[in-house]
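A.B. asks: Got data23.txt for you, compact mmCIF, C-alpha atoms:
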```
# COMPACT_ATOMS: atom_id res chain seq x y z
CA MET D 1273 -29.33 16.96 22.33
CA ILE D 1274 -27.42 19.55 20.31
CA LYS D 1275 -24.27 18.95 22.40
CA THR D 1276 -24.61 15.20 21.78
CA LYS D 1277 -24.86 15.76 18.03
CA ILE D 1278 -21.82 18.02 18.08
CA LEU D 1279 -19.88 15.38 20.04
CA LEU D 1280 -20.83 12.63 17.61
CA ILE D 1281 -19.92 14.75 14.60
CA GLY D 1282 -16.57 15.51 16.19
CA LEU D 1283 -15.86 11.86 16.91
CA PHE D 1284 -16.97 10.92 13.40
CA SER D 1285 -14.48 13.43 11.96
CA VAL D 1286 -11.70 12.13 14.20
CA PHE D 1287 -12.39 8.57 13.06
CA PHE D 1288 -11.95 9.44 9.42
CA ALA D 1289 -8.93 11.63 10.13
CA THR D 1290 -7.39 8.61 11.89
CA ALA D 1291 -8.36 6.29 9.02
CA ALA D 1292 -6.85 8.70 6.50
CA SER D 1293 -3.49 8.62 8.28
CA SER D 1294 -3.66 4.95 9.28
CA HIS D 1295 -0.79 2.51 9.13
CA SER D 1296 0.76 1.50 5.85
CA LEU D 1297 2.36 -1.74 4.72
CA TRP D 1298 5.27 -1.59 2.28
CA LEU D 1299 8.04 -3.69 0.74
CA THR D 1300 11.63 -2.77 -0.04
CA ALA D 1301 14.39 -4.78 -1.71
CA ASP D 1302 18.15 -4.72 -1.19
CA ASN D 1303 18.56 -4.96 -4.98
CA TYR D 1304 15.91 -3.85 -7.47
CA ASN D 1305 18.00 -4.80 -10.51
CA PRO D 1306 19.68 -8.15 -9.73
CA LYS D 1307 21.45 -10.37 -12.19
CA ILE D 1308 19.81 -13.69 -13.03
CA GLY D 1309 20.64 -16.11 -10.22
CA GLU D 1310 21.48 -13.33 -7.75
CA THR D 1311 19.56 -13.55 -4.46
CA VAL D 1312 17.32 -10.63 -3.47
CA THR D 1313 16.25 -9.86 0.10
CA ILE D 1314 12.83 -8.26 0.58
CA GLU D 1315 11.94 -6.44 3.79
CA ILE D 1316 8.44 -5.71 5.07
CA GLY D 1317 7.75 -2.27 6.52
CA TRP D 1318 4.84 -1.23 8.73
CA GLY D 1319 3.98 2.18 10.18
CA HIS D 1320 3.52 5.73 8.92
CA GLY D 1321 6.28 5.77 6.33
CA PHE D 1322 10.02 5.11 6.12
CA ASN D 1323 10.87 7.43 9.01
CA ARG D 1324 8.04 6.34 11.32
CA LYS D 1325 8.40 2.59 11.10
CA GLU D 1326 6.89 0.29 13.74
CA PRO D 1327 7.38 -3.42 14.51
CA LEU D 1328 5.25 -5.86 12.58
CA LYS D 1329 3.47 -7.98 15.17
CA LYS D 1330 3.71 -11.76 15.03
CA ASN D 1331 0.94 -13.46 13.01
CA MET D 1332 -0.04 -10.09 11.53
CA LEU D 1333 1.23 -10.98 8.05
CA ARG D 1334 -1.18 -13.02 5.95
CA ARG D 1335 1.23 -13.83 3.15
CA ILE D 1336 4.11 -12.62 0.99
CA TYR D 1337 4.74 -13.90 -2.52
CA ILE D 1338 6.51 -13.17 -5.80
CA VAL D 1339 4.80 -13.16 -9.21
CA SER D 1340 7.34 -14.29 -11.83
CA PRO D 1341 7.50 -12.88 -15.39
CA ASP D 1342 5.51 -15.91 -16.62
CA GLY D 1343 2.75 -15.33 -14.05
CA LYS D 1344 3.68 -18.07 -11.60
CA ASN D 1345 3.68 -17.50 -7.84
CA ILE D 1346 6.94 -18.01 -5.97
CA VAL D 1347 7.02 -18.40 -2.18
CA PRO D 1348 10.13 -16.60 -0.89
CA ALA D 1349 12.29 -18.16 1.83
CA LYS D 1350 11.71 -16.71 5.31
CA ILE D 1351 14.68 -15.14 7.08
CA SER D 1352 12.69 -13.48 9.88
CA GLU D 1353 9.21 -12.06 10.49
CA THR D 1354 10.00 -9.12 8.23
CA ARG D 1355 12.73 -10.38 5.87
CA TYR D 1356 12.46 -12.86 2.99
CA ARG D 1357 14.62 -13.83 0.05
CA PHE D 1358 14.25 -15.27 -3.44
CA THR D 1359 16.47 -15.84 -6.46
CA PRO D 1360 15.23 -14.86 -9.94
CA ALA D 1361 15.87 -17.72 -12.36
CA ARG D 1362 15.09 -15.82 -15.55
CA ALA D 1363 15.14 -12.31 -16.94
CA GLY D 1364 12.07 -10.18 -16.47
CA ARG D 1365 10.01 -8.19 -14.02
CA TYR D 1366 8.98 -9.76 -10.71
CA ALA D 1367 6.12 -8.32 -8.64
CA ALA D 1368 6.55 -8.87 -4.91
CA GLY D 1369 3.25 -8.69 -3.03
CA ALA D 1370 2.32 -8.82 0.65
CA GLU D 1371 -0.83 -8.41 2.73
CA ILE D 1372 -1.75 -8.39 6.39
CA ASN D 1373 -4.66 -10.36 7.79
CA PRO D 1374 -7.83 -8.36 7.06
CA GLY D 1375 -10.20 -7.42 9.86
CA PHE D 1376 -12.74 -4.99 11.28
CA MET D 1377 -12.21 -1.72 13.12
CA SER D 1378 -15.12 0.00 14.85
CA LYS D 1379 -15.10 3.51 16.27
CA THR D 1380 -17.35 3.93 19.32
CA THR D 1381 -18.00 6.87 21.61
CA THR D 1382 -15.53 5.31 24.06
CA GLY D 1383 -12.75 4.44 21.63
CA ARG D 1384 -11.76 2.03 18.86
CA VAL D 1385 -12.15 -1.73 18.95
CA LYS D 1386 -10.86 -4.26 16.44
CA ARG D 1387 -14.21 -5.95 15.67
CA ASN D 1388 -17.43 -5.32 13.77
CA LYS D 1389 -20.63 -3.71 15.05
CA THR D 1390 -22.23 -6.91 16.30
CA GLY D 1391 -22.86 -6.66 20.03
CA LEU D 1392 -21.32 -3.19 20.36
CA ASP D 1393 -23.04 -0.10 21.77
CA ASN D 1394 -22.52 3.51 20.67
CA VAL D 1395 -20.87 2.61 17.35
CA ILE D 1396 -20.11 5.65 15.21
CA ASN D 1397 -18.66 3.82 12.23
CA CYS D 1398 -17.10 0.50 11.25
CA MET D 1399 -14.67 -0.43 8.49
CA ARG D 1400 -13.41 -3.72 7.13
CA PHE D 1401 -9.77 -3.12 6.23
CA ASP D 1402 -7.72 -4.74 3.47
CA ILE D 1403 -4.07 -3.56 3.43
CA ARG D 1404 -1.55 -4.69 0.81
CA ALA D 1405 1.85 -3.76 -0.59
CA LYS D 1406 3.83 -4.23 -3.79
CA THR D 1407 7.24 -3.59 -5.28
CA VAL D 1408 8.79 -4.53 -8.63
CA ILE D 1409 12.18 -6.16 -9.17
CA THR D 1410 13.75 -6.30 -12.64
CA ALA D 1411 16.18 -9.17 -13.21
CA GLY D 1412 18.61 -8.86 -16.09
CA GLU D 1413 17.84 -6.72 -19.11
CA ASP D 1414 14.15 -6.66 -19.89
CA GLY D 1415 12.71 -4.51 -22.66
CA ARG D 1416 9.11 -5.60 -22.25
CA ARG D 1417 6.29 -3.35 -21.04
CA ALA D 1418 6.61 -1.87 -17.58
CA ARG D 1419 3.07 -2.64 -16.42
CA VAL D 1420 3.32 -5.28 -13.66
CA SER D 1421 0.51 -6.45 -11.39
CA ALA D 1422 0.48 -8.42 -8.13
CA GLY D 1423 -3.22 -9.24 -8.54
CA HIS D 1424 -4.45 -7.08 -5.65
CA PRO D 1425 -8.03 -5.70 -5.59
CA LEU D 1426 -6.66 -2.17 -5.20
CA GLU D 1427 -3.29 -1.58 -6.79
CA ILE D 1428 -0.85 1.04 -8.06
CA VAL D 1429 0.52 -0.12 -11.40
CA PRO D 1430 3.64 1.54 -12.89
CA LEU D 1431 3.33 2.56 -16.53
CA ASP D 1432 7.01 3.49 -16.85
CA ASP D 1433 10.12 1.36 -16.44
CA THR D 1434 10.90 1.49 -12.70
CA ALA D 1435 14.36 0.00 -13.29
CA HIS D 1436 15.73 3.27 -14.63
CA LEU D 1437 14.11 6.07 -12.62
CA ARG D 1438 16.18 9.20 -12.10
CA LYS D 1439 15.99 12.18 -9.75
CA ASN D 1440 13.98 15.08 -11.24
CA GLY D 1441 12.23 12.65 -13.57
CA VAL D 1442 8.57 11.64 -13.58
CA LEU D 1443 6.88 8.29 -12.93
CA THR D 1444 3.47 7.65 -14.47
CA VAL D 1445 1.27 5.18 -12.61
CA MET D 1446 -2.30 3.89 -12.79
CA ALA D 1447 -4.57 3.19 -9.82
CA THR D 1448 -6.79 0.17 -10.43
CA TYR D 1449 -9.66 -1.39 -8.53
CA ASN D 1450 -10.60 -4.96 -9.46
CA GLY D 1451 -8.49 -4.54 -12.59
CA SER D 1452 -10.22 -1.37 -13.84
CA PRO D 1453 -8.78 2.17 -13.77
CA LEU D 1454 -9.76 4.14 -10.66
CA ALA D 1455 -10.44 7.76 -11.56
CA ASN D 1456 -10.29 10.68 -9.11
CA SER D 1457 -8.41 8.74 -6.45
CA VAL D 1458 -5.69 10.39 -4.37
CA ILE D 1459 -2.18 8.94 -4.49
CA GLU D 1460 0.08 10.07 -1.67
CA ALA D 1461 3.83 9.98 -2.26
CA SER D 1462 6.72 10.14 0.20
CA HIS D 1463 10.44 9.62 -0.17
CA GLU D 1464 13.18 8.44 2.13
CA GLY D 1465 14.27 11.30 4.37
CA PHE D 1466 10.93 13.11 4.33
CA HIS D 1467 9.89 14.18 7.85
CA GLY D 1468 6.30 15.34 7.74
CA ARG D 1469 4.30 15.70 10.90
CA ASP D 1470 1.52 18.04 9.80
CA HIS D 1471 1.47 16.36 6.37
CA PRO D 1472 1.96 12.57 6.28
CA ALA D 1473 2.97 12.66 2.60
CA ALA D 1474 5.47 14.76 0.67
CA LEU D 1475 2.90 15.29 -2.09
CA SER D 1476 -0.55 14.17 -3.19
CA VAL D 1477 -1.69 13.66 -6.77
CA LYS D 1478 -5.20 12.87 -7.99
CA THR D 1479 -5.70 10.36 -10.82
CA ASP D 1480 -7.36 11.54 -14.02
CA SER D 1481 -10.38 10.06 -15.80
CA LYS D 1482 -8.20 7.15 -16.97
CA GLY D 1483 -6.91 6.40 -13.47
CA THR D 1484 -3.40 7.70 -14.23
CA ALA D 1485 -1.20 10.15 -12.34
CA ARG D 1486 2.27 11.59 -12.82
CA ILE D 1487 4.59 11.59 -9.82
CA PRO D 1488 7.47 14.13 -9.93
CA LEU D 1489 10.59 12.51 -8.50
CA SER D 1490 12.23 15.36 -6.62
CA HIS D 1491 14.58 13.19 -4.54
CA GLY D 1492 16.78 10.16 -4.99
CA GLY D 1493 16.42 7.01 -2.87
CA LYS D 1494 13.40 4.99 -1.80
CA TRP D 1495 9.85 6.16 -2.55
CA ILE D 1496 6.47 4.94 -1.36
CA LEU D 1497 3.13 5.61 -3.06
CA GLN D 1498 -0.16 4.87 -1.34
CA VAL D 1499 -3.79 4.89 -2.46
CA LYS D 1500 -7.00 4.12 -0.54
CA HIS D 1501 -10.50 3.28 -1.67
CA ASN D 1502 -13.79 2.80 0.17
CA GLU D 1503 -16.77 0.66 -0.81
CA PRO D 1504 -20.06 0.14 1.08
CA TYR D 1505 -20.22 -2.98 3.23
CA PRO D 1506 -23.16 -5.18 2.12
CA ASP D 1507 -24.64 -5.63 5.61
CA LYS D 1508 -24.85 -2.32 7.49
CA ALA D 1509 -25.81 -4.13 10.69
CA VAL D 1510 -22.33 -5.69 10.66
CA CYS D 1511 -20.16 -2.90 9.25
CA ASP D 1512 -20.34 0.26 7.14
CA ASN D 1513 -17.47 0.25 4.66
CA TYR D 1514 -14.68 -1.72 3.10
CA MET D 1515 -11.42 0.24 3.31
CA TYR D 1516 -8.76 -0.85 0.81
CA SER D 1517 -5.20 0.40 1.09
CA ALA D 1518 -2.37 -0.35 -1.35
CA SER D 1519 1.24 0.81 -1.51
CA PHE D 1520 3.89 0.67 -4.21
CA THR D 1521 7.58 1.21 -3.49
CA PHE D 1522 10.51 1.81 -5.82
CA ILE D 1523 13.93 3.41 -5.88
CA VAL D 1524 15.14 6.53 -7.69
CA LYS D 1525 18.81 6.84 -8.66
```
In structure tokens, what does this structure look like?

C.D. replies:
Amino acid sequence: MIKTKILLIGLFSVFFATAASSHSLWLTADNYNPKIGETVTIEIGWGHGFNRKEPLKKNMLRRIYIVSPDGKNIVPAKISETRYRFTPARAGRYAAGAEINPGFMSKTTTGRVKRNKTGLDNVINCMRFDIRAKTVITAGEDGRRARVSAGHPLEIVPLDDTAHLRKNGVLTVMATYNGSPLANSVIEASHEGFHGRDHPAALSVKTDSKGTARIPLSHGGKWILQVKHNEPYPDKAVCDNYMYSASFTFIVK
């Protein structure tokens, strides 16, 4: 009996260690500061960061869209499964958002299965995952506030102008859940060129009581921030938790 409990505790720990380092979705652009009328290509990334990218499987993507400065949704033109393009028609900040099809993942004593608890034996834990990504593109000169949202349930919102970030500077962001600041959440940050095996992120910063965090920008190039949040699933017979994951990417000059 004691050995069984130890085994279950060990498997339970492994499940959450796996969930903590699970796959990320992210977006990058070939031009974060285009001129008005200049076409921008957006690429979808999937994996464990820039240096551990994996193929995005067909039909995995739920949608990709652009929120214009006036709040309208733009559907970008598809180039391939992972590349899309759009042309900003006016000055301002555009939020590009993407999400994969949500689903269930259950950990059992014999392994993981991509379904809920129903009909499964020896379930240790189940999560309903919701994974989304965002980046911000600034067209033309725009002096308005930097705060841009893609309308995701969990989101990292920049509070500084991401069009003019410099190496050795600082970016202030806010983590939000259903539009409200998310205090005491951990934001993991990695930059292009970071090779971490023991540590999946270059640094981790916890948000304060107002949901804000300051990210020191030690390197130039592409950066990815990621935050996760768990909520209880309403029917424990079906699943245990909702797991939300959101990324925000930007470039440092």

A.B. asks: Just checking: using all atoms listed in the file, which residue out of D:Gln1498, D:Ser1378, D:Thr1434, D:Ser1421 ends up closest to Ser1340 of chain D?

C.D. replies: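 The shortest atom-to-atom distance to Ser1340 of chain D comes from D:Ser1421.
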
A.B. asks: Up to 8 Å from (18.6, -13.3, -8.1) in the file's coordinates: name the residues, counting only C-alpha atoms, as number ranges by chain.

C.D. replies: D: 1306-1312, 1358-1361, 1411

A.B. asks: For atom CA of Ser1457 of chain D and atom CA of Ser1476 of chain D, determine how far apart the two atoms are, in Å to one decimal place.

C.D. replies: 10.1 Å

A.B. asks: Check the smallest atom-to-atom distance from each of D:Ser1517, D:Lys1494, D:Val1420, D:Ile1372 to Gly1451 of chain D using all atoms listed in the file, then report the winner.

C.D. replies: D:Val1420

A.B. asks: Skipping near chain neighbours, those fewer than 6 positions away, what residues fall within 9 Å of Asn1397 of chain D using all atoms listed in the file, listed as a PyMOL selection string?

C.D. replies: chain D and resi 1284+1287+1377-1380+1389+1511-1513

A.B. asks: Residues as selected, C-alpha atoms, written as an mmCIF file, in the coordinates of the input, can you do that?

C.D. replies:
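As written to disk, again00.cif reads:
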```
data_model
loop_
_atom_site.group_PDB
_atom_site.id
_atom_site.type_symbol
_atom_site.label_atom_id
_atom_site.label_comp_id
_atom_site.auth_asym_id
_atom_site.auth_seq_id
_atom_site.Cartn_x
_atom_site.Cartn_y
_atom_site.Cartn_z
ATOM 1 C CA PHE D 1284 -16.970 10.920 13.400
ATOM 2 C CA PHE D 1287 -12.390 8.570 13.060
ATOM 3 C CA MET D 1377 -12.210 -1.720 13.120
ATOM 4 C CA SER D 1378 -15.120 0.000 14.850
ATOM 5 C CA LYS D 1379 -15.100 3.510 16.270
ATOM 6 C CA THR D 1380 -17.350 3.930 19.320
ATOM 7 C CA LYS D 1389 -20.630 -3.710 15.050
ATOM 8 C CA CYS D 1511 -20.160 -2.900 9.250
ATOM 9 C CA ASP D 1512 -20.340 0.260 7.140
ATOM 10 C CA ASN D 1513 -17.470 0.250 4.660
#
```

A.B. asks: So, counting all atoms listed in the file, which residue among D:Thr1484, D:Thr1410, D:Asn1323, D:Thr1521 is closest to Phe1466 of chain D?

C.D. replies: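 Nearest candidate to Phe1466 of chain D out of D:Thr1484, D:Thr1410, D:Asn1323, D:Thr1521: D:Asn1323.
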
A.B. asks: Which is closer to Gly1317 of chain D than all the others in D:Asn1394, D:Thr1382, D:Thr1444, D:Thr1300, using only C-alpha atoms?

C.D. replies: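 When distances to Gly1317 of chain D are compared using only C-alpha atoms, the smallest one comes from D:Thr1300.
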
A.B. asks: Smallest atom-to-atom distance to Val1429 of chain D: which of D:Ser1490, D:Ser1452, D:Ser1481, D:Thr1313, using only C-alpha atoms?

C.D. replies: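 Smallest separation from Val1429 of chain D among the options: D:Ser1452.
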